[in-house]
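S.K.: Below is a structure I'd like to ask you about.
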Amino acid sequence: MSTATQVPAALEMPRDTYLNAGYGVKSWFLTKDHKRIAILYLVSITMFFLFGGLMAVLIRLELLTPAPDLFQSDTYNKLFTMHGITMVFFFLVPSIPATLGNFVLPMMIGARDLAFPKVNLASWYIFMIGACFTFSAYISGGVDTGWTFYTPLSTSYLNTHVVAAALGIMIAGFASIFTGLNFIVTTHRMRAPGMTWFRLPLFVWSMYAVSLVQVLATPVLAITLILVALERGFHIGIFNPQLGGDPVLFQHMFWFYSHPAVYIMILPGFGVISEVIPCFSRKRIFGYSAVAFSSVAIGVFGFLVWAHHMFAAGISTYSALVFSLLSFIIAIPSAIKVFNWTATMYKGSIHFNTPMLYALAFIGLFTIGGLTGLFLACLGIDMHVTATYFVVAHFHYVMVGGMLVAYLAGLHFWWPKMTGRMYPEPPAQLSALITFIGFNITFFPQFVLGYMGMPRRYHTYPPEFQVLNVLSTAGASVLAVGLLLPMFYLLWSLKYGEIAGNNPYRATGLEWQTESPPPMHNFHETPIVTQEAYDYESMNEEEVVIG
Amino acid sequence: MDSHAATVEAGLHHRDPELHNQFDTLEQQKDTAHLGMWVFLITEIMFFGGLFGAYLVYRNLYYPAFVAGSNSISIFWGTLNTAVLICSSLTMAMAVHSAAIGARKLLVGFLSLTLLLGLIFLAVKGKEYYDKWTEHHVPGANFHFDDPERPGEAPVPADVASQTSIYFSLYFAMTGMHALHMIIGVGILLALIWKASRGSFPPHHYTMVENFGLYWHFVDIIWIFLFPLLYLISRTPAMH
Amino acid sequence: MLPQYFPLFPESASTLSPRVDALFFFIFGVTIFFTVLVALLICVFAVKYRKDKHPVPVQIHGSIPLEIFWTLVPLGIAMVIFAWGAVLFFQEKHPPKSSMDIYGVGKQWMWKFQHPGGQREINNLHVPVGRPVRMTLISQDVIHDFFVPAFRAQMDVIPGRYTYTWFEATKPGVYHLFCNQYCGTKHSGMVGEVTAMSPDDYEAWLRGAGAFGSLATHGQNVFASMGCPTCHTGADNARGPNLYNIYGRMERMSDNRLVHVDESYIRESILNPSAKIVYGFQNIMPTFQGQLNEDEMIELIEYIKSLTYNGQLLQLQTNTQQEPPVNLDKIQKGVDVMQPGTNTTPMPRTSAVPVTQEAQEPSTAEPAPRQVVVPGKQKAPAKPSTTARPKGEQHP
């Protein structure tokens, strides 16, 4: 029962949308509409992203030469700390779930809103309060712990505002918990009639897996950071070796959250790609259940591999073996996904719209990011490359090449749904291309640097590493162009973009059956689902009939 | 879901004032609220789980210090508090039952009783903290662990005495987090009592009372774990 | 020293390097294969099935055999890499028995190294080529990381506990030493150089490094000044266990556990004596927390390691077990090599104790008899000065 009818002319904006339901400040800041909250999140994380990006640019500029040119060591340390904290906790973790997920998840399952709209709004406020704490630490002199807050450096040796930064992250963590809780309950209880678990779009599956991880892992981070704050404030000795504490225990507790957090960051990306590729291949996804279950498998195994960040931290040989083995096993579900996405393109009818370009870039970059994870999971190699630029390159391939690119794919894909207008295709395609090229120039040299032994978080470095660092910085400037472009044309499209219509891509999925932008309660009638997800067969037939 | 009504419009026109607009039926709304509460409690378990994990690690590392530390806290007050908390769980369960049968006065009464027991618990906890403070057992600059000097017991060696700091750190972190949950619970209880006395929880709509009951029992259960871990288990070897 | 050209691959200068590199290239091959495979498929599909050329897609649900295929094949490859990596890891973790010891202490933001002969260096480490070196590492403040890329050797340096790594340099040269765990403001300044030298050069360097007595000698002084001989007399009825020949042994504890006596155990016994009580002894030892710095702790450990019943026997064993170049072995015999003429008695490398009396106390012309320093022999320990002598009730 698709309502997608592409009438070439006379597309009009719908009369009552969530955007024109109210214009006052209160209508936005006290809204309970998941779509408006998603926009609030979108604006906030875009600001944080720009801030984190600025830090990255400054870091790359400093690393142009081996000598300390622009900053003092302290400043440099603060830069990479703020870059890491901002990007991880205030951009990557909330990026897809809190914006795209918040916006489309209820629509995808045919619900009028999330299960707990007030909790949803509260989560944004909590997120912003957390950001205030952390940014107050930035403003009052910066933080130089590194985003990992390793003890005893963070607890006993630094004079910056570690407690404020840590508490900010802890508070923002609760926002993430509330979002996850909301998604889990919504997916369980709010599905439209006929929307069985195996008819759910894969984006919902991945959001469900993410939510489980958020709900289970984030509290551990919260308590860990509370202990760090207590240790700093009262010298209680839990992580302080001078008082009998164990600094490595902090690493266990930190990575117990932060490794699953890696999956909090990448799983939503998987979900977006699983939507985009079938749509622009005009084909149902290859191996639906394999992709769905691999998301859940990643969510579960993600909890069992944390100590692979600590192979060089003196953990016992046998526990290192177990964690290495499990790390190899968790590589498999990701591989399954990549193969299934590739197979989805087989015998499709491929359209090169911008989201598809980003999705293809994602597959390429994520493949490299994932495969280089094998080096790090491998005990013998990790003892050489751990904490070098090899690791930096690896996780940027996954986090930026994977997650950020997927986020951009999703943002472009659902942009017409969110705003009612199309983004302009040519500059968007160009920016996808520039991003892809710039990204590779920036981060590929870092693999080489890492194997050569350049340690991460180095303000100055030996001169023989300079050529590759210059290359990386050059790439960063290209990447910056690629990432700034969308900001301009997307804003431009808000006013001048083509009117999109309900379903500009003729995509399946309930979110495309309602108007763009959707009305206040998403649907004028509760949809009833009778088909599996990604039923592009009937969608294409309809198209033929219309065409 | 099958419980969804066929059309939104029909639902929107004749809605129970208590029914939020994202739901179709009160039944669905209630189920959803319960599930949400359970998921929340799971996060709470993970939150305390981090502390329990740290406890396990250090108990293995510094067993003698844990024995010594555990011997220094008062088993009498701990037991009393356990009893108080178990009773409060009972009164809370009775409150939920009263709400279910629509007995408003009983509901208010049981909630107030729960509140009272919660406050007693906090008062006793405060007394225990005060004792620890006067004994210089609060980790930090003034920490000092004196040998309890019980007759017939070997004195605690100096290295063990300094390691008891870790035990007390965990003692305060764990019971402190628990007490924080109790304080939040007491705050919510006050609100519930006020709302209940105004008749806000009719028998078909008392999800809030039920969910708070889940929360209260959860906090109770955490104590049921804390009590033996901190007061009892490590004490045994020294009590010949 | 370092290549001026633009390198893409690290120098390979240890016995482990080629092994790490071999595995690296294997995984690199796997990576290239799968990246090219996926990229190629995407490109081919993108061109072949583009909408102009292939307007009507073919709907395919999936294929169970294919799913199984691309689950099991990567799993198989992953297991091969895992097993290979695990074997390599065991080699990285377990230094050969014939390794010589060097101690490293990290602190913000410098490296201090101590050779058993007493040579101390800062941000510089001299090692011989062709002889395995075991590094025993500890930090004085925050977590650091000892990383020598050319040796493919890396280990975190943690406060409060020893960690170990080892390498055997294969070619002379100067290599980078990095701190590879973020440790505060001057993290990137916590770098140094590892100089691998031919055995002859190394010997010459040791001689010229100006050591004042071996670590064990210093340790002996610490041992005495802390009053250790009061209880660790070595007598059968002593209040503390006999420390003689203890290093490397399996020791039975009062709870019947068997504990391997290594550096970590000795350290723990000194700082947290209650943690493990040797079978048959009482928990009476005071803690020395806050009374010893890391350097003194290392000296003490090196001293306890040097306590053997028969140094001669140990020397014989050392000679047969390892086959280092002859001259190298001589270097390790202690300070006598560095202070030629004062003492010509050959010493095993770990027991340079008596020789270095002169270094501490130039007035003492003749070396102290060996037995006196040994707690097992019930004689007063020789000390540089009587003020450091413990209360004196140690003679039963």
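In the structure tokens, the first chain shown is A, the next is B, and so on; residue numbers restart at 1 for each chain, and ligands run from 1 in the order shown.
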Using only C-alpha atoms, which protein or nucleic acid residues come within 8 Å of C:Leu125? Drop anything in the same chain fewer than 6 positions from it, and give the result as a list in words.
M.R.: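 Here the answer would be Phe113, Gly192, Glu193, Val194 and Thr195 of chain C.
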S.K.: Could the residues of chain A that have an atom at most 6 Å from chain C be listed as a tab-separated table, each with its closest atom pair and the distance in Å to one decimal, counting only C-alpha atoms and ordered by chain and ascending residue number?
M.R.:
```
residue	atom	partner	partner_atom	distance
A:Ser73	CA	C:Thr185	CA	5.8
A:Asp74	CA	C:Thr185	CA	5.2
A:Pro152	CA	C:Val142	CA	5.5
A:Leu153	CA	C:Val142	CA	5.3
A:Pro241	CA	C:Gly160	CA	5.7
A:Lys283	CA	C:Gln59	CA	5.7
A:Phe286	CA	C:Gly62	CA	4.7
A:Gly287	CA	C:Gly62	CA	4.3
A:Ala312	CA	C:Met155	CA	5.2
A:Ala313	CA	C:Asp156	CA	5.0
A:Phe328	CA	C:Ala78	CA	5.9
A:Tyr346	CA	C:Phe45	CA	5.9
A:Lys347	CA	C:Val58	CA	5.6
A:Gly348	CA	C:Pro57	CA	4.3
A:Ser349	CA	C:Lys51	CA	4.5
A:Ile350	CA	C:Arg50	CA	4.4
A:His351	CA	C:Lys51	CA	5.8
A:Leu371	CA	C:Thr31	CA	5.7
A:Cys378	CA	C:Gly85	CA	5.2
A:Leu379	CA	C:Gly85	CA	5.1
A:Gly380	CA	C:Gly85	CA	4.4
A:Met383	CA	C:Gln154	CA	5.8
A:His384	CA	C:Arg152	CA	5.1
A:Met452	CA	C:Pro10	CA	4.4
A:Gly453	CA	C:Pro149	CA	5.0
A:Pro455	CA	C:Asn180	CA	5.5
A:Tyr458	CA	C:Ser188	CA	4.7
A:His459	CA	C:Ser188	CA	5.6
A:Thr460	CA	C:Ser188	CA	5.8
```
S.K.: Quick one, how far is atom CA of A:Phe250 from atom CA of C:Asp295?
M.R.: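 Interatomic distance here is 26.4 Å.
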S.K.: What's the 7 Å shell around A:Thr145, counting only C-alpha atoms, without same-chain residues fewer than 3 positions away, as JSON, numbers by chain?
M.R.: {"A": [81, 149, 154]}
S.K.: Identify every residue of chain C that has at least one atom within 10 Å of any atom of chain B, counting only C-alpha atoms, and report the result as a PyMOL selection string.
M.R.: chain C and resi 270-275+283-289
S.K.: Convert the current residue selection to file output with C-alpha atoms, as a CSV table (one decimal), in the first residue's frame.
M.R.:
```
chain,number,residue,atom,x,y,z
C,270,ILE,CA,58.9,-6.2,50.8
C,271,LEU,CA,56.0,-3.8,50.4
C,272,ASN,CA,53.1,-6.0,51.3
C,273,PRO,CA,54.6,-8.7,53.4
C,274,SER,CA,51.1,-9.9,54.6
C,275,ALA,CA,50.0,-10.8,51.1
C,283,ASN,CA,53.3,-12.7,59.6
C,284,ILE,CA,55.7,-10.4,61.5
C,285,MET,CA,57.6,-8.5,58.8
C,286,PRO,CA,57.0,-4.8,58.8
C,287,THR,CA,56.1,-3.1,55.5
C,288,PHE,CA,58.7,-1.0,53.7
C,289,GLN,CA,56.2,1.0,51.9
```
